[in-house]
>>> print(open('data06.cif').read())   # mmCIF, N, CA and C atoms
data_work
loop_
_atom_site.group_PDB
_atom_site.id
_atom_site.type_symbol
_atom_site.label_atom_id
_atom_site.label_comp_id
_atom_site.auth_asym_id
_atom_site.auth_seq_id
_atom_site.Cartn_x
_atom_site.Cartn_y
_atom_site.Cartn_z
ATOM 1 N N MET A 27 161.766 110.006 238.325
ATOM 2 C CA MET A 27 160.510 110.452 237.750
ATOM 3 C C MET A 27 160.677 111.705 236.897
ATOM 4 N N LEU A 28 161.436 112.651 237.382
ATOM 5 C CA LEU A 28 161.497 113.935 236.682
ATOM 6 C C LEU A 28 162.752 114.102 235.840
ATOM 7 N N THR A 29 163.004 113.148 234.985
ATOM 8 C CA THR A 29 164.167 113.275 234.109
ATOM 9 C C THR A 29 164.031 114.488 233.197
ATOM 10 N N MET A 30 162.788 114.875 232.911
ATOM 11 C CA MET A 30 162.572 116.019 232.021
ATOM 12 C C MET A 30 162.945 117.344 232.669
ATOM 13 N N LEU A 31 162.915 117.428 233.974
ATOM 14 C CA LEU A 31 163.264 118.695 234.629
ATOM 15 C C LEU A 31 164.664 119.128 234.235
ATOM 16 N N LYS A 32 165.619 118.260 234.378
ATOM 17 C CA LYS A 32 167.003 118.593 234.032
ATOM 18 C C LYS A 32 167.139 118.814 232.529
ATOM 19 N N THR A 33 166.494 117.960 231.742
ATOM 20 C CA THR A 33 166.558 118.086 230.288
ATOM 21 C C THR A 33 166.021 119.435 229.827
ATOM 22 N N LEU A 34 164.855 119.803 230.318
ATOM 23 C CA LEU A 34 164.252 121.079 229.919
ATOM 24 C C LEU A 34 165.030 122.266 230.463
ATOM 25 N N ARG A 35 165.535 122.127 231.673
ATOM 26 C CA ARG A 35 166.329 123.217 232.256
ATOM 27 C C ARG A 35 167.562 123.480 231.412
ATOM 28 N N LYS A 36 168.256 122.420 231.036
ATOM 29 C CA LYS A 36 169.467 122.586 230.225
ATOM 30 C C LYS A 36 169.135 123.069 228.810
ATOM 31 N N LYS A 37 168.058 122.531 228.237
ATOM 32 C CA LYS A 37 167.635 122.944 226.899
ATOM 33 C C LYS A 37 167.359 124.448 226.855
ATOM 34 N N ASN A 38 166.802 124.959 227.942
ATOM 35 C CA ASN A 38 166.489 126.383 228.026
ATOM 36 C C ASN A 38 167.626 127.218 228.617
ATOM 37 N N LYS A 39 168.766 126.561 228.823
ATOM 38 C CA LYS A 39 169.974 127.222 229.328
ATOM 39 C C LYS A 39 169.720 127.964 230.635
ATOM 40 N N LEU A 40 169.055 127.253 231.546
ATOM 41 C CA LEU A 40 168.741 127.819 232.850
ATOM 42 C C LEU A 40 169.540 127.109 233.933
ATOM 43 N N THR A 41 169.885 127.840 234.959
ATOM 44 C CA THR A 41 170.534 127.234 236.112
ATOM 45 C C THR A 41 169.462 126.712 237.055
ATOM 46 N N GLN A 42 169.886 125.858 237.969
ATOM 47 C CA GLN A 42 168.957 125.397 238.993
ATOM 48 C C GLN A 42 168.448 126.596 239.795
ATOM 49 N N ARG A 43 169.305 127.538 240.037
ATOM 50 C CA ARG A 43 168.928 128.731 240.800
ATOM 51 C C ARG A 43 167.837 129.524 240.085
ATOM 52 N N ALA A 44 167.983 129.686 238.766
ATOM 53 C CA ALA A 44 166.992 130.440 237.989
ATOM 54 C C ALA A 44 165.628 129.749 238.029
ATOM 55 N N VAL A 45 165.625 128.433 237.897
ATOM 56 C CA VAL A 45 164.371 127.673 237.951
ATOM 57 C C VAL A 45 163.766 127.804 239.344
ATOM 58 N N ALA A 46 164.589 127.662 240.358
ATOM 59 C CA ALA A 46 164.108 127.772 241.734
ATOM 60 C C ALA A 46 163.483 129.140 241.995
ATOM 61 N N GLU A 47 164.129 130.180 241.551
ATOM 62 C CA GLU A 47 163.593 131.527 241.757
ATOM 63 C C GLU A 47 162.275 131.719 241.018
ATOM 64 N N ALA A 48 162.187 131.214 239.807
ATOM 65 C CA ALA A 48 160.959 131.357 239.017
ATOM 66 C C ALA A 48 159.788 130.605 239.654
ATOM 67 N N LEU A 49 160.089 129.491 240.301
ATOM 68 C CA LEU A 49 159.046 128.655 240.898
ATOM 69 C C LEU A 49 158.851 128.921 242.389
ATOM 70 N N HIS A 50 159.660 129.827 242.933
ATOM 71 C CA HIS A 50 159.589 130.195 244.347
ATOM 72 C C HIS A 50 159.839 129.001 245.269
ATOM 73 N N ILE A 51 160.883 128.244 244.917
ATOM 74 C CA ILE A 51 161.329 127.125 245.739
ATOM 75 C C ILE A 51 162.838 127.244 245.903
ATOM 76 N N SER A 52 163.420 126.392 246.717
ATOM 77 C CA SER A 52 164.862 126.461 246.931
ATOM 78 C C SER A 52 165.623 125.748 245.809
ATOM 79 N N GLN A 53 166.854 126.176 245.634
ATOM 80 C CA GLN A 53 167.723 125.506 244.666
ATOM 81 C C GLN A 53 167.953 124.059 245.090
ATOM 82 N N THR A 54 167.991 123.817 246.384
ATOM 83 C CA THR A 54 168.150 122.461 246.903
ATOM 84 C C THR A 54 166.996 121.572 246.453
ATOM 85 N N SER A 55 165.789 122.124 246.456
ATOM 86 C CA SER A 55 164.634 121.341 246.004
ATOM 87 C C SER A 55 164.785 120.957 244.537
ATOM 88 N N VAL A 56 165.180 121.899 243.711
ATOM 89 C CA VAL A 56 165.377 121.613 242.284
ATOM 90 C C VAL A 56 166.421 120.512 242.127
ATOM 91 N N SER A 57 167.513 120.635 242.844
ATOM 92 C CA SER A 57 168.577 119.638 242.773
ATOM 93 C C SER A 57 168.074 118.259 243.200
ATOM 94 N N LYS A 58 167.321 118.205 244.282
ATOM 95 C CA LYS A 58 166.797 116.920 244.753
ATOM 96 C C LYS A 58 165.801 116.324 243.768
ATOM 97 N N TYR A 59 164.971 117.155 243.147
ATOM 98 C CA TYR A 59 164.040 116.662 242.133
ATOM 99 C C TYR A 59 164.815 116.056 240.966
ATOM 100 N N GLU A 60 165.847 116.760 240.531
ATOM 101 C CA GLU A 60 166.628 116.266 239.387
ATOM 102 C C GLU A 60 167.342 114.956 239.692
ATOM 103 N N ARG A 61 167.787 114.800 240.920
ATOM 104 C CA ARG A 61 168.514 113.584 241.301
ATOM 105 C C ARG A 61 167.588 112.453 241.744
ATOM 106 N N GLY A 62 166.297 112.736 241.831
ATOM 107 C CA GLY A 62 165.350 111.714 242.249
ATOM 108 C C GLY A 62 165.338 111.468 243.743
ATOM 109 N N GLU A 63 165.904 112.374 244.516
ATOM 110 C CA GLU A 63 165.919 112.230 245.967
ATOM 111 C C GLU A 63 164.617 112.706 246.606
ATOM 112 N N SER A 64 163.852 113.465 245.834
ATOM 113 C CA SER A 64 162.586 113.998 246.317
ATOM 114 C C SER A 64 161.655 114.148 245.118
ATOM 115 N N GLU A 65 160.362 114.125 245.379
ATOM 116 C CA GLU A 65 159.393 114.313 244.304
ATOM 117 C C GLU A 65 158.464 115.472 244.659
ATOM 118 N N PRO A 66 158.187 116.325 243.688
ATOM 119 C CA PRO A 66 157.291 117.449 243.945
ATOM 120 C C PRO A 66 155.846 116.989 244.047
ATOM 121 N N ASP A 67 155.035 117.792 244.726
ATOM 122 C CA ASP A 67 153.609 117.483 244.776
ATOM 123 C C ASP A 67 152.967 117.881 243.446
ATOM 124 N N LEU A 68 151.706 117.534 243.295
ATOM 125 C CA LEU A 68 151.004 117.784 242.032
ATOM 126 C C LEU A 68 150.983 119.268 241.676
ATOM 127 N N GLU A 69 150.770 120.113 242.659
ATOM 128 C CA GLU A 69 150.746 121.555 242.406
ATOM 129 C C GLU A 69 152.066 122.034 241.802
ATOM 130 N N MET A 70 153.184 121.534 242.323
ATOM 131 C CA MET A 70 154.493 121.933 241.801
ATOM 132 C C MET A 70 154.730 121.342 240.413
ATOM 133 N N ILE A 71 154.265 120.141 240.161
ATOM 134 C CA ILE A 71 154.403 119.546 238.825
ATOM 135 C C ILE A 71 153.656 120.405 237.801
ATOM 136 N N ILE A 72 152.481 120.869 238.172
ATOM 137 C CA ILE A 72 151.711 121.739 237.281
ATOM 138 C C ILE A 72 152.472 123.037 237.023
ATOM 139 N N LYS A 73 153.023 123.634 238.080
ATOM 140 C CA LYS A 73 153.796 124.875 237.922
ATOM 141 C C LYS A 73 155.006 124.660 237.017
ATOM 142 N N MET A 74 155.689 123.546 237.210
ATOM 143 C CA MET A 74 156.875 123.253 236.401
ATOM 144 C C MET A 74 156.509 123.040 234.942
ATOM 145 N N SER A 75 155.472 122.273 234.689
ATOM 146 C CA SER A 75 155.089 122.029 233.301
ATOM 147 C C SER A 75 154.634 123.321 232.636
ATOM 148 N N ASP A 76 153.906 124.159 233.358
ATOM 149 C CA ASP A 76 153.517 125.474 232.814
ATOM 150 C C ASP A 76 154.745 126.334 232.536
ATOM 151 N N PHE A 77 155.674 126.340 233.461
ATOM 152 C CA PHE A 77 156.897 127.142 233.317
ATOM 153 C C PHE A 77 157.658 126.761 232.045
ATOM 154 N N PHE A 78 157.767 125.471 231.784
ATOM 155 C CA PHE A 78 158.514 125.009 230.614
ATOM 156 C C PHE A 78 157.658 124.892 229.353
ATOM 157 N N GLY A 79 156.362 125.123 229.481
ATOM 158 C CA GLY A 79 155.485 125.109 228.312
ATOM 159 C C GLY A 79 155.249 123.725 227.727
ATOM 160 N N VAL A 80 155.170 122.742 228.590
ATOM 161 C CA VAL A 80 154.899 121.373 228.145
ATOM 162 C C VAL A 80 153.695 120.845 228.922
ATOM 163 N N THR A 81 153.098 119.772 228.415
ATOM 164 C CA THR A 81 151.984 119.173 229.140
ATOM 165 C C THR A 81 152.523 118.445 230.376
ATOM 166 N N ILE A 82 151.647 118.186 231.304
ATOM 167 C CA ILE A 82 152.045 117.433 232.492
ATOM 168 C C ILE A 82 152.539 116.051 232.085
ATOM 169 N N ASP A 83 151.859 115.440 231.127
ATOM 170 C CA ASP A 83 152.274 114.122 230.654
ATOM 171 C C ASP A 83 153.688 114.157 230.083
ATOM 172 N N GLU A 84 153.972 115.143 229.255
ATOM 173 C CA GLU A 84 155.323 115.279 228.688
ATOM 174 C C GLU A 84 156.335 115.483 229.794
ATOM 175 N N PHE A 85 155.967 116.306 230.755
ATOM 176 C CA PHE A 85 156.910 116.618 231.840
ATOM 177 C C PHE A 85 157.202 115.406 232.710
ATOM 178 N N VAL A 86 156.164 114.700 233.096
ATOM 179 C CA VAL A 86 156.328 113.578 234.009
ATOM 180 C C VAL A 86 156.871 112.334 233.308
ATOM 181 N N ARG A 87 156.343 112.061 232.121
ATOM 182 C CA ARG A 87 156.721 110.828 231.432
ATOM 183 C C ARG A 87 157.850 111.019 230.427
ATOM 184 N N GLY A 88 158.153 112.259 230.085
ATOM 185 C CA GLY A 88 159.244 112.513 229.157
ATOM 186 C C GLY A 88 158.894 112.179 227.721
ATOM 187 N N LYS A 89 157.596 112.186 227.402
ATOM 188 C CA LYS A 89 157.151 111.843 226.048
ATOM 189 C C LYS A 89 156.247 112.914 225.513
ATOM 190 N N LYS A 90 156.152 112.938 224.205
ATOM 191 C CA LYS A 90 155.193 113.826 223.552
ATOM 192 C C LYS A 90 154.040 113.018 223.058
#
>>> encode(input="data06.cif", output="structure tokens")
Amino acid sequence: MLTMLKTLRKKNKLTQRAVAEALHISQTSVSKYERGESEPDLEMIIKMSDFFGVTIDEFVRGKK
């Protein structure tokens, strides 16, 4: 689901640790989201899309 998380993280030259710290979650959570082993709740999706400056639709669906 969250293919954009890794794409946006790399585009912004951020580590998983940096994203985790900014969102107040564990690096393990970021890693699991990127690998599709876990999915964030709606509140976290909103935080992530705000953090990267994209719409929720762009973030979740990977489209503009």
>>> select_by_dssp(input="data06.cif", residues="chain A", states="helix (DSSP H, G or I)", output="ChimeraX atom specification")
/A:29-37,42-49,53-61,68-78,82-87
>>> residues_around(input="data06.cif", residues="Lys36 in chain A", least_positions_apart="6", cutoff="12 Å", atoms="only C-alpha atoms", output="VMD selection string")
chain A and resid 29 to 30 42 44 to 45 60 78
>>> closest_residue(input="data06.cif", among="A:Leu34, A:Gly88, A:Arg61, A:Lys39", to="Met74 in chain A", atoms="only C-alpha atoms")
A:Leu34
>>> residues_around(input="data06.cif", residues="Val80 in chain A", least_positions_apart="3", cutoff="12 Å", atoms="only C-alpha atoms", output="list in words")
Met30, Leu31, Leu34, Ile71, Ile72, Lys73, Met74, Ser75, Asp76, Phe77, Asp83, Glu84, Phe85, Val86, Arg87, Gly88, Lys89 and Lys90 of chain A
>>> atom_distance(input="data06.cif", atom1="CA of Thr81 in chain A", atom2="atom N of Ser55 in chain A")
22.3 Å
>>> build_atoms(input="data06.cif", residues="range 64-75 of chain A", atoms="all heavy atoms", output="compact mmCIF listing (two decimals), in the coordinates of the input")
# COMPACT_ATOMS: atom_id res chain seq x y z
N SER A 64 163.85 113.46 245.83
CA SER A 64 162.59 114.00 246.32
C SER A 64 161.66 114.15 245.12
O SER A 64 162.12 114.28 243.99
CB SER A 64 162.84 115.36 246.97
OG SER A 64 161.65 115.91 247.46
N GLU A 65 160.36 114.12 245.38
CA GLU A 65 159.39 114.31 244.30
C GLU A 65 158.46 115.47 244.66
O GLU A 65 158.00 115.57 245.79
CB GLU A 65 158.57 113.05 244.08
CG GLU A 65 159.38 111.93 243.47
CD GLU A 65 158.52 110.76 243.05
OE1 GLU A 65 157.29 110.88 243.06
OE2 GLU A 65 159.10 109.72 242.71
N PRO A 66 158.19 116.32 243.69
CA PRO A 66 157.29 117.45 243.94
C PRO A 66 155.85 116.99 244.05
O PRO A 66 155.48 115.94 243.51
CB PRO A 66 157.49 118.34 242.71
CG PRO A 66 157.87 117.38 241.63
CD PRO A 66 158.69 116.32 242.32
N ASP A 67 155.04 117.79 244.73
CA ASP A 67 153.61 117.48 244.78
C ASP A 67 152.97 117.88 243.45
O ASP A 67 153.61 118.49 242.58
CB ASP A 67 152.94 118.16 245.96
CG ASP A 67 153.00 119.69 245.94
OD1 ASP A 67 153.27 120.29 244.87
OD2 ASP A 67 152.79 120.29 247.00
N LEU A 68 151.71 117.53 243.30
CA LEU A 68 151.00 117.78 242.03
C LEU A 68 150.98 119.27 241.68
O LEU A 68 151.18 119.63 240.51
CB LEU A 68 149.59 117.23 242.09
CG LEU A 68 148.74 117.40 240.83
CD1 LEU A 68 149.42 116.77 239.62
CD2 LEU A 68 147.36 116.82 241.04
N GLU A 69 150.77 120.11 242.66
CA GLU A 69 150.75 121.56 242.41
C GLU A 69 152.07 122.03 241.80
O GLU A 69 152.09 122.82 240.85
CB GLU A 69 150.46 122.31 243.71
CG GLU A 69 150.35 123.81 243.52
CD GLU A 69 150.05 124.54 244.81
OE1 GLU A 69 149.56 123.92 245.77
OE2 GLU A 69 150.29 125.75 244.86
N MET A 70 153.18 121.53 242.32
CA MET A 70 154.49 121.93 241.80
C MET A 70 154.73 121.34 240.41
O MET A 70 155.32 121.99 239.55
CB MET A 70 155.60 121.50 242.77
CG MET A 70 156.99 121.97 242.34
SD MET A 70 157.15 123.76 241.99
CE MET A 70 156.74 124.45 243.58
N ILE A 71 154.26 120.14 240.16
CA ILE A 71 154.40 119.55 238.82
C ILE A 71 153.66 120.40 237.80
O ILE A 71 154.16 120.66 236.71
CB ILE A 71 153.90 118.09 238.81
CG1 ILE A 71 154.86 117.21 239.61
CG2 ILE A 71 153.74 117.57 237.39
CD1 ILE A 71 154.38 115.80 239.84
N ILE A 72 152.48 120.87 238.17
CA ILE A 72 151.71 121.74 237.28
C ILE A 72 152.47 123.04 237.02
O ILE A 72 152.59 123.48 235.87
CB ILE A 72 150.32 122.02 237.87
CG1 ILE A 72 149.48 120.73 237.86
CG2 ILE A 72 149.60 123.13 237.10
CD1 ILE A 72 148.21 120.82 238.69
N LYS A 73 153.02 123.63 238.08
CA LYS A 73 153.80 124.88 237.92
C LYS A 73 155.01 124.66 237.02
O LYS A 73 155.31 125.49 236.17
CB LYS A 73 154.26 125.41 239.28
CG LYS A 73 153.16 126.02 240.11
CD LYS A 73 153.71 126.53 241.43
CE LYS A 73 152.62 127.11 242.28
NZ LYS A 73 153.14 127.65 243.55
N MET A 74 155.69 123.55 237.21
CA MET A 74 156.88 123.25 236.40
C MET A 74 156.51 123.04 234.94
O MET A 74 157.19 123.57 234.05
CB MET A 74 157.60 122.03 236.95
CG MET A 74 158.29 122.24 238.26
SD MET A 74 159.06 120.70 238.80
CE MET A 74 159.77 121.20 240.34
N SER A 75 155.47 122.27 234.69
CA SER A 75 155.09 122.03 233.30
C SER A 75 154.63 123.32 232.64
O SER A 75 154.97 123.57 231.47
CB SER A 75 154.02 120.94 233.19
OG SER A 75 152.83 121.31 233.82
